[in-house]
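Trainee: For reference, this is start_17.pdb, and it has PDB, C-alpha atoms.
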MODEL        1
ATOM      1  CA  MET G  33       2.931 -33.479 123.781
ATOM      2  CA  LYS G  34       2.969 -30.238 121.775
ATOM      3  CA  THR G  35       5.925 -31.475 119.752
ATOM      4  CA  SER G  36       4.150 -34.762 119.067
ATOM      5  CA  ASN G  37       1.001 -32.966 117.869
ATOM      6  CA  ARG G  38       3.003 -30.819 115.497
ATOM      7  CA  ILE G  39       4.765 -33.852 114.038
ATOM      8  CA  THR G  40       1.434 -35.598 113.560
ATOM      9  CA  LYS G  41      -0.061 -32.602 111.721
ATOM     10  CA  THR G  42       3.051 -32.255 109.593
ATOM     11  CA  ALA G  43       2.875 -35.885 108.564
ATOM     12  CA  LEU G  44      -0.844 -36.054 107.912
ATOM     13  CA  LEU G  45      -1.609 -32.808 106.069
ATOM     14  CA  PRO G  46       0.235 -33.607 102.794
ATOM     15  CA  ALA G  47      -1.507 -36.990 102.665
ATOM     16  CA  LEU G  48      -4.886 -35.421 103.353
ATOM     17  CA  LEU G  49      -4.319 -32.793 100.670
ATOM     18  CA  LEU G  50      -3.435 -35.448  98.109
ATOM     19  CA  ALA G  51      -6.495 -37.477  99.039
ATOM     20  CA  VAL G  52      -8.831 -34.490  98.616
ATOM     21  CA  LEU G  53      -7.301 -33.489  95.289
ATOM     22  CA  ALA G  54      -7.285 -37.038  93.929
ATOM     23  CA  ALA G  55     -10.917 -37.582  94.858
ATOM     24  CA  ALA G  56     -11.958 -34.289  93.256
ATOM     25  CA  ALA G  57     -10.054 -35.127  90.068
ATOM     26  CA  CYS G  58     -11.830 -38.471  89.784
ATOM     27  CA  GLY G  59     -15.241 -36.882  90.267
ATOM     28  CA  ARG G  60     -15.934 -38.736  93.514
ATOM     29  CA  VAL G  61     -16.430 -35.609  95.597
ATOM     30  CA  LYS G  62     -17.769 -32.150  94.940
ATOM     31  CA  SER G  63     -14.937 -29.698  94.297
ATOM     32  CA  VAL G  64     -14.598 -27.234  97.144
ATOM     33  CA  PRO G  65     -12.201 -24.369  97.820
ATOM     34  CA  LEU G  66      -9.237 -25.559  99.829
ATOM     35  CA  HIS G  67     -10.121 -23.222 102.681
ATOM     36  CA  GLN G  68     -13.315 -25.236 103.173
ATOM     37  CA  ALA G  69     -11.369 -28.484 103.391
ATOM     38  CA  PHE G  70      -8.799 -27.178 105.845
ATOM     39  CA  SER G  71      -8.654 -24.205 108.185
ATOM     40  CA  PHE G  72      -5.521 -22.266 107.285
ATOM     41  CA  ASP G  73      -5.775 -20.274 110.502
ATOM     42  CA  LYS G  74      -5.126 -23.456 112.476
ATOM     43  CA  ILE G  75      -2.061 -24.514 110.485
ATOM     44  CA  ASP G  76       1.336 -23.785 111.992
ATOM     45  CA  LYS G  77       3.286 -21.913 109.312
ATOM     46  CA  SER G  78       6.585 -23.054 110.836
ATOM     47  CA  ALA G  79       5.682 -26.645 110.003
ATOM     48  CA  SER G  80       6.151 -25.847 106.285
ATOM     49  CA  VAL G  81       3.719 -28.555 105.234
ATOM     50  CA  LEU G  82       2.025 -26.642 102.417
ATOM     51  CA  PRO G  83       3.531 -25.703  99.052
ATOM     52  CA  LYS G  84       3.502 -21.980  98.291
ATOM     53  CA  ASP G  85       1.464 -22.342  95.095
ATOM     54  CA  MET G  86      -0.972 -25.027  93.962
ATOM     55  CA  VAL G  87      -3.741 -25.010  91.350
ATOM     56  CA  VAL G  88      -6.831 -26.486  92.978
ATOM     57  CA  GLY G  89      -9.774 -26.823  90.623
ATOM     58  CA  ASP G  90     -10.438 -23.391  89.151
ATOM     59  CA  HIS G  91      -8.079 -21.220  91.226
ATOM     60  CA  LEU G  92      -4.599 -20.884  92.636
ATOM     61  CA  VAL G  93      -3.996 -21.573  96.314
ATOM     62  CA  THR G  94      -0.989 -19.792  97.780
ATOM     63  CA  TYR G  95       0.369 -19.370 101.263
ATOM     64  CA  ASP G  96       2.729 -16.674 100.019
ATOM     65  CA  GLU G  97       0.833 -13.507 100.917
ATOM     66  CA  THR G  98       3.084 -10.944  99.192
ATOM     67  CA  ASN G  99       4.689 -10.577  95.784
ATOM     68  CA  LEU G 100       1.770 -12.290  94.086
ATOM     69  CA  ALA G 101       2.478 -10.824  90.653
ATOM     70  CA  GLY G 102       3.665 -13.481  88.239
ATOM     71  CA  LYS G 103       1.915 -16.389  89.934
ATOM     72  CA  LEU G 104      -0.818 -16.651  87.308
ATOM     73  CA  PRO G 105      -0.146 -17.656  83.700
ATOM     74  CA  PRO G 106      -1.282 -15.142  81.060
ATOM     75  CA  ALA G 107      -5.037 -15.219  80.441
ATOM     76  CA  ARG G 108      -5.708 -16.384  76.890
ATOM     77  CA  PRO G 109      -7.696 -15.645  74.785
ATOM     78  CA  VAL G 110      -7.732 -11.947  75.582
ATOM     79  CA  GLN G 111     -11.291 -10.688  75.703
ATOM     80  CA  ALA G 112     -13.936  -9.311  78.035
ATOM     81  CA  ILE G 113     -16.281 -11.989  79.337
ATOM     82  CA  THR G 114     -20.003 -11.228  79.316
ATOM     83  CA  CYS G 115     -21.487 -14.728  79.386
ATOM     84  CA  GLY G 116     -20.545 -18.240  80.413
ATOM     85  CA  ASN G 117     -20.960 -21.569  78.668
ATOM     86  CA  PRO G 118     -24.275 -21.518  76.724
ATOM     87  CA  GLU G 119     -24.328 -25.325  76.754
ATOM     88  CA  LEU G 120     -24.700 -25.445  80.545
ATOM     89  CA  LYS G 121     -27.962 -24.453  82.209
ATOM     90  CA  ARG G 122     -26.203 -22.428  84.861
ATOM     91  CA  VAL G 123     -26.455 -18.805  85.973
ATOM     92  CA  ALA G 124     -23.777 -16.898  87.893
ATOM     93  CA  ILE G 125     -24.512 -14.559  90.782
ATOM     94  CA  THR G 126     -21.817 -11.862  90.982
ATOM     95  CA  ILE G 127     -21.832  -9.136  93.627
ATOM     96  CA  ASP G 128     -19.559  -6.088  93.505
ATOM     97  CA  ASP G 129     -17.842  -3.504  95.693
ATOM     98  CA  GLY G 130     -18.173  -4.091  99.457
ATOM     99  CA  TRP G 131     -19.364  -0.669 100.562
ATOM    100  CA  ASN G 132     -22.383  -0.560 102.890
ATOM    101  CA  THR G 133     -22.767  -4.313 102.754
ATOM    102  CA  ASP G 134     -26.229  -5.590 103.601
ATOM    103  CA  MET G 135     -25.250  -8.580 105.715
ATOM    104  CA  ARG G 136     -28.650 -10.169 105.041
ATOM    105  CA  ILE G 137     -27.309 -10.944 101.566
ATOM    106  CA  LEU G 138     -24.516 -13.080 102.998
ATOM    107  CA  GLU G 139     -26.880 -14.768 105.430
ATOM    108  CA  LEU G 140     -29.307 -15.608 102.614
ATOM    109  CA  LEU G 141     -26.689 -17.067 100.283
ATOM    110  CA  LYS G 142     -25.110 -19.067 103.072
ATOM    111  CA  GLU G 143     -28.459 -20.395 104.317
ATOM    112  CA  TRP G 144     -29.487 -21.416 100.802
ATOM    113  CA  ASP G 145     -26.050 -22.968 100.147
ATOM    114  CA  ILE G 146     -25.487 -20.942  96.978
ATOM    115  CA  GLU G 147     -22.070 -20.849  95.340
ATOM    116  CA  TRP G 148     -21.447 -17.335  93.999
ATOM    117  CA  THR G 149     -18.759 -14.806  93.112
ATOM    118  CA  ALA G 150     -17.746 -11.587  94.844
ATOM    119  CA  PHE G 151     -15.708  -8.803  93.258
ATOM    120  CA  LEU G 152     -14.312  -6.864  96.220
ATOM    121  CA  ILE G 153     -12.556  -3.506  96.106
ATOM    122  CA  GLY G 154      -9.074  -3.788  97.595
ATOM    123  CA  GLY G 155      -8.845  -0.351  99.193
ATOM    124  CA  ARG G 156     -11.162   2.510 100.141
ATOM    125  CA  GLY G 157     -12.383   0.894 103.324
ATOM    126  CA  VAL G 158     -13.126  -2.533 101.888
ATOM    127  CA  ALA G 159     -10.809  -5.592 101.721
ATOM    128  CA  GLU G 160      -7.556  -4.091 102.963
ATOM    129  CA  SER G 161      -9.058  -2.521 106.075
ATOM    130  CA  ASN G 162     -11.989  -4.864 106.652
ATOM    131  CA  LEU G 163     -10.596  -8.383 106.835
ATOM    132  CA  ASP G 164     -13.691  -9.555 108.680
ATOM    133  CA  LEU G 165     -15.803  -8.670 105.644
ATOM    134  CA  VAL G 166     -13.551 -10.704 103.356
ATOM    135  CA  ARG G 167     -13.865 -13.671 105.730
ATOM    136  CA  ALA G 168     -17.637 -13.289 105.925
ATOM    137  CA  VAL G 169     -17.966 -13.138 102.135
ATOM    138  CA  ARG G 170     -15.797 -16.207 101.663
ATOM    139  CA  ASP G 171     -17.552 -18.109 104.428
ATOM    140  CA  ALA G 172     -20.905 -17.323 102.785
ATOM    141  CA  GLY G 173     -19.875 -19.454  99.802
ATOM    142  CA  ALA G 174     -18.166 -16.939  97.546
ATOM    143  CA  GLU G 175     -15.145 -17.205  95.372
ATOM    144  CA  VAL G 176     -13.558 -13.827  96.086
ATOM    145  CA  CYS G 177     -12.154 -11.961  93.072
ATOM    146  CA  ASN G 178     -10.715  -8.468  92.811
ATOM    147  CA  HIS G 179     -12.501  -5.299  91.712
ATOM    148  CA  THR G 180      -9.300  -3.236  91.528
ATOM    149  CA  TYR G 181      -7.820  -1.384  94.483
ATOM    150  CA  SER G 182      -9.256   2.116  94.119
ATOM    151  CA  HIS G 183     -12.391   1.447  92.041
ATOM    152  CA  TYR G 184     -11.233   4.107  89.584
ATOM    153  CA  VAL G 185     -12.072   3.644  85.907
ATOM    154  CA  MET G 186      -9.214   1.713  84.272
ATOM    155  CA  SER G 187      -9.693   2.817  80.671
ATOM    156  CA  GLY G 188      -7.219   5.545  79.783
ATOM    157  CA  LYS G 189      -4.837   4.704  82.630
ATOM    158  CA  ASP G 190      -1.220   3.721  82.019
ATOM    159  CA  HIS G 191       0.283   0.252  82.353
ATOM    160  CA  ALA G 192       1.870   0.755  85.768
ATOM    161  CA  PHE G 193      -1.367   2.089  87.246
ATOM    162  CA  VAL G 194      -3.505  -0.798  85.989
ATOM    163  CA  VAL G 195      -1.062  -3.500  87.112
ATOM    164  CA  ASP G 196      -0.710  -1.912  90.562
ATOM    165  CA  GLU G 197      -4.502  -1.718  90.931
ATOM    166  CA  LEU G 198      -4.888  -5.408  90.174
ATOM    167  CA  TRP G 199      -2.219  -6.755  92.492
ATOM    168  CA  ARG G 200      -2.747  -4.374  95.428
ATOM    169  CA  SER G 201      -6.375  -5.439  95.461
ATOM    170  CA  GLN G 202      -5.508  -9.102  95.062
ATOM    171  CA  GLU G 203      -2.966  -9.026  97.887
ATOM    172  CA  ALA G 204      -5.569  -7.562 100.264
ATOM    173  CA  ILE G 205      -7.951 -10.416  99.397
ATOM    174  CA  THR G 206      -5.422 -13.248  99.290
ATOM    175  CA  ARG G 207      -4.108 -12.281 102.716
ATOM    176  CA  VAL G 208      -7.400 -13.684 104.018
ATOM    177  CA  THR G 209      -8.464 -16.303 101.477
ATOM    178  CA  HIS G 210      -5.066 -17.683 100.357
ATOM    179  CA  GLU G 211      -6.675 -17.941  96.909
ATOM    180  CA  ILE G 212      -6.302 -16.194  93.560
ATOM    181  CA  TYR G 213      -9.038 -16.499  90.957
ATOM    182  CA  PRO G 214      -8.060 -15.444  87.405
ATOM    183  CA  TYR G 215     -10.875 -12.903  87.118
ATOM    184  CA  THR G 216     -11.202  -9.184  87.692
ATOM    185  CA  ARG G 217     -13.927  -6.630  87.117
ATOM    186  CA  PHE G 218     -13.214  -2.982  86.383
ATOM    187  CA  SER G 219     -15.276  -0.137  87.801
ATOM    188  CA  GLY G 220     -18.447   0.310  85.765
ATOM    189  CA  GLY G 221     -17.273  -2.455  83.435
ATOM    190  CA  ALA G 222     -15.326   0.214  81.538
ATOM    191  CA  TYR G 223     -12.195  -0.849  79.670
ATOM    192  CA  ASP G 224     -10.112  -0.197  76.589
ATOM    193  CA  ASP G 225      -7.953  -2.572  74.571
ATOM    194  CA  ALA G 226      -4.814  -1.596  76.463
ATOM    195  CA  CYS G 227      -6.037  -2.301  79.996
ATOM    196  CA  LEU G 228      -7.721  -5.507  78.806
ATOM    197  CA  GLN G 229      -4.385  -6.687  77.395
ATOM    198  CA  TRP G 230      -2.445  -5.648  80.507
ATOM    199  CA  ALA G 231      -4.855  -7.494  82.792
ATOM    200  CA  ALA G 232      -4.520 -10.609  80.627
ATOM    201  CA  GLU G 233      -0.720 -10.420  80.791
ATOM    202  CA  GLN G 234      -1.054 -10.524  84.577
ATOM    203  CA  GLY G 235      -3.316 -13.585  84.366
ATOM    204  CA  PHE G 236      -6.744 -11.979  84.733
ATOM    205  CA  TRP G 237      -9.749 -12.126  82.460
ATOM    206  CA  MET G 238     -11.912  -9.017  82.737
ATOM    207  CA  VAL G 239     -15.479 -10.053  83.525
ATOM    208  CA  ASN G 240     -18.557  -7.957  82.820
ATOM    209  CA  TRP G 241     -22.115  -9.255  82.837
ATOM    210  CA  THR G 242     -25.042 -10.474  80.792
ATOM    211  CA  VAL G 243     -27.717  -8.624  82.741
ATOM    212  CA  SER G 244     -27.618  -6.082  85.557
ATOM    213  CA  SER G 245     -29.979  -6.136  88.508
ATOM    214  CA  GLY G 246     -30.204  -2.353  88.219
ATOM    215  CA  ASP G 247     -29.493  -2.012  91.923
ATOM    216  CA  THR G 248     -27.429   1.148  91.481
ATOM    217  CA  SER G 249     -30.472   3.107  90.285
ATOM    218  CA  LYS G 250     -32.204   5.071  93.015
ATOM    219  CA  GLY G 251     -35.966   4.657  92.918
ATOM    220  CA  VAL G 252     -35.948   1.394  90.997
ATOM    221  CA  THR G 253     -38.638  -1.055  92.077
ATOM    222  CA  VAL G 254     -38.166  -4.677  93.060
ATOM    223  CA  ASP G 255     -40.724  -5.811  90.488
ATOM    224  CA  PHE G 256     -38.874  -4.036  87.680
ATOM    225  CA  GLN G 257     -35.549  -5.524  88.751
ATOM    226  CA  VAL G 258     -36.912  -9.059  89.045
ATOM    227  CA  ASN G 259     -38.697  -8.898  85.689
ATOM    228  CA  ASN G 260     -35.599  -7.507  83.967
ATOM    229  CA  ILE G 261     -33.402 -10.324  85.266
ATOM    230  CA  LEU G 262     -35.882 -13.073  84.443
ATOM    231  CA  GLY G 263     -36.561 -11.576  81.021
ATOM    232  CA  ASN G 264     -32.860 -11.788  80.138
ATOM    233  CA  LEU G 265     -32.252 -15.217  81.610
ATOM    234  CA  ARG G 266     -30.366 -17.721  79.466
ATOM    235  CA  PRO G 267     -27.800 -20.497  79.948
ATOM    236  CA  GLY G 268     -24.477 -19.007  80.994
ATOM    237  CA  ALA G 269     -25.926 -15.680  82.119
ATOM    238  CA  ILE G 270     -23.801 -13.596  84.493
ATOM    239  CA  ILE G 271     -25.944 -11.389  86.727
ATOM    240  CA  LEU G 272     -24.580  -8.215  88.309
ATOM    241  CA  PHE G 273     -25.487  -7.121  91.849
ATOM    242  CA  HIS G 274     -23.908  -4.803  94.444
ATOM    243  CA  PHE G 275     -23.432  -5.366  98.165
ATOM    244  CA  GLY G 276     -24.851  -1.949  98.992
ATOM    245  CA  GLY G 277     -27.338  -1.746  96.135
ATOM    246  CA  TYR G 278     -30.989  -0.779  96.115
ATOM    247  CA  ASN G 279     -33.287  -3.727  96.903
ATOM    248  CA  THR G 280     -30.470  -6.232  96.369
ATOM    249  CA  TYR G 281     -31.511  -8.540  99.202
ATOM    250  CA  GLU G 282     -35.166  -8.478  98.167
ATOM    251  CA  VAL G 283     -34.340  -9.144  94.515
ATOM    252  CA  LEU G 284     -32.035 -12.042  95.322
ATOM    253  CA  SER G 285     -34.614 -13.601  97.620
ATOM    254  CA  ARG G 286     -37.126 -13.575  94.763
ATOM    255  CA  VAL G 287     -35.062 -14.395  91.693
ATOM    256  CA  ILE G 288     -32.999 -17.281  93.064
ATOM    257  CA  PRO G 289     -35.983 -19.581  93.754
ATOM    258  CA  GLU G 290     -37.575 -18.661  90.419
ATOM    259  CA  ILE G 291     -34.386 -19.271  88.455
ATOM    260  CA  GLN G 292     -34.017 -22.643  90.159
ATOM    261  CA  ARG G 293     -37.666 -23.449  89.454
ATOM    262  CA  ARG G 294     -36.923 -22.920  85.770
ATOM    263  CA  GLY G 295     -34.284 -25.641  85.933
ATOM    264  CA  TYR G 296     -31.134 -23.556  86.218
ATOM    265  CA  GLU G 297     -28.274 -24.046  88.643
ATOM    266  CA  VAL G 298     -27.632 -20.762  90.465
ATOM    267  CA  THR G 299     -23.902 -20.760  91.028
ATOM    268  CA  SER G 300     -20.509 -19.076  90.754
ATOM    269  CA  LEU G 301     -18.649 -17.556  87.830
ATOM    270  CA  SER G 302     -16.190 -20.452  87.691
ATOM    271  CA  ARG G 303     -19.039 -22.975  87.423
ATOM    272  CA  VAL G 304     -20.645 -21.008  84.598
ATOM    273  CA  LEU G 305     -17.327 -20.827  82.727
ATOM    274  CA  GLU G 306     -16.656 -24.570  82.834
ATOM    275  CA  GLY G 307     -16.045 -25.904  79.340
ATOM    276  CA  THR G 308     -14.861 -22.531  78.009
ATOM    277  CA  PRO G 309     -11.274 -21.325  77.411
ATOM    278  CA  PHE G 310     -11.607 -18.905  80.347
ATOM    279  CA  VAL G 311     -10.471 -21.201  83.136
ATOM    280  CA  LEU G 312      -7.228 -21.584  85.037
ATOM    281  CA  ARG G 313      -5.405 -24.792  84.198
ATOM    282  CA  ALA G 314      -2.712 -26.540  86.192
ATOM    283  CA  PRO G 315       0.710 -26.567  84.481
ATOM    284  CA  ASP G 316       1.657 -29.792  82.724
TER     285      ASP G 316
ENDMDL
END
So that I can check it, write out the structure of this file as structure tokens.
Mentor:
Amino acid sequence: MKTSNRITKTALLPALLLAVLAAAACGRVKSVPLHQAFSFDKIDKSASVLPKDMVVGDHLVTYDETNLAGKLPPARPVQAITCGNPELKRVAITIDDGWNTDMRILELLKEWDIEWTAFLIGGRGVAESNLDLVRAVRDAGAEVCNHTYSHYVMSGKDHAFVVDELWRSQEAITRVTHEIYPYTRFSGGAYDDACLQWAAEQGFWMVNWTVSSGDTSKGVTVDFQVNNILGNLRPGAIILFHFGGYNTYEVLSRVIPEIQRRGYEVTSLSRVLEGTPFVLRAPD
């Protein structure tokens, strides 16, 4: 019976994958990350039913957990992203780091069914050593991008250092998600032309923000944070938060309903970047 079950799964999974991808391409179903369509943890690797690399929507799905460098095409045009498509009334929620995570944030976003984007640090007690956190972030609706491995400032560093920071962080994340998004965020949003170019060569656009929640400032009030975000709201806005920030949960619980009331879709970075050059495209 076990052999029969394995054969059945091996035969059905490629067909199911094609059906999901075809439906998404024709606009008949809402695009979802592949991990939400299938549970990778339940797939027998020995069955070899999945290709190693596949572009699904706005990201690369890979079941090859090491040697990820070279899987993404170069990111062109080369520039720092601070805003999404101004023609779409969408706003991106982005949350950084992973230290001292307030789990209420994940519960809120999951309960409200919000698509959003996380930039997780690869090392220093975050993704590499806390796989459960990566799973929880992904399961709360996030597309999980890298925030470098060490969270050191990238400007002024040499080529080898920057490239290693990107891929060590990405490998820690992809080990759990089996996904690579073509976006990174450097510590403090600091960059120079060299590290911007090197990231692009590796396939990553460096993403900053339109408006910050101010949740790294001790003593900041919720009212000030909410008013600052709403006062800088515009189509394509990318809003910066931190998992362990000041008042982050309270601010999110207030601004999300208000942003939606104003007619915006509160969503992920990829959704906000639709219709711009800053999206991953499947090879011809």
Trainee: With the file shown as input, list the residues that the PyMOL selection byres ((chain G and resi 121) around 8) selects, as a PyMOL selection string.
Mentor: chain G and resi 118-120+122-123+266-268+295-297
Trainee: For each of G:Gly188, G:Pro214, G:Gly155, G:Gly173, take the minimum atom-to-atom distance to Phe310 in chain G, counting all atoms listed in the file, then give the residue where this is smallest.
Mentor: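 The closest residue to Phe310 in chain G is G:Pro214.
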Trainee: State, in Å with one decimal place, the distance from CA of Leu272 in chain G to CA of Thr126 in chain G.
Mentor: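 We find that CA of Leu272 in chain G and CA of Thr126 in chain G lie 5.3 Å from each other.
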Trainee: Let me know the residues the PyMOL selection byres ((chain G and resi 314) around 12) catches in the file above, as a PyMOL selection string.
Mentor: chain G and resi 57+85-93+103-105+311-313+315-316
Trainee: Quick check, in Å to one decimal: how far apart do CA of Thr209 in chain G and CA of Asn279 in chain G lie?
Mentor: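 Those two atoms sit 28.2 Å apart.
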Trainee: Mind giving me the straight-line distance from CA of Asp196 in chain G to CA of Gln234 in chain G in Å, one decimal?
Mentor: 10.5 Å
Trainee: Which residue is closest to Val208 in chain G? Choose from G:Lys189, G:His274, G:His183, G:Arg167 and count all atoms listed in the file.
Mentor: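 Selected residue with least distance to Val208 in chain G: G:Arg167.
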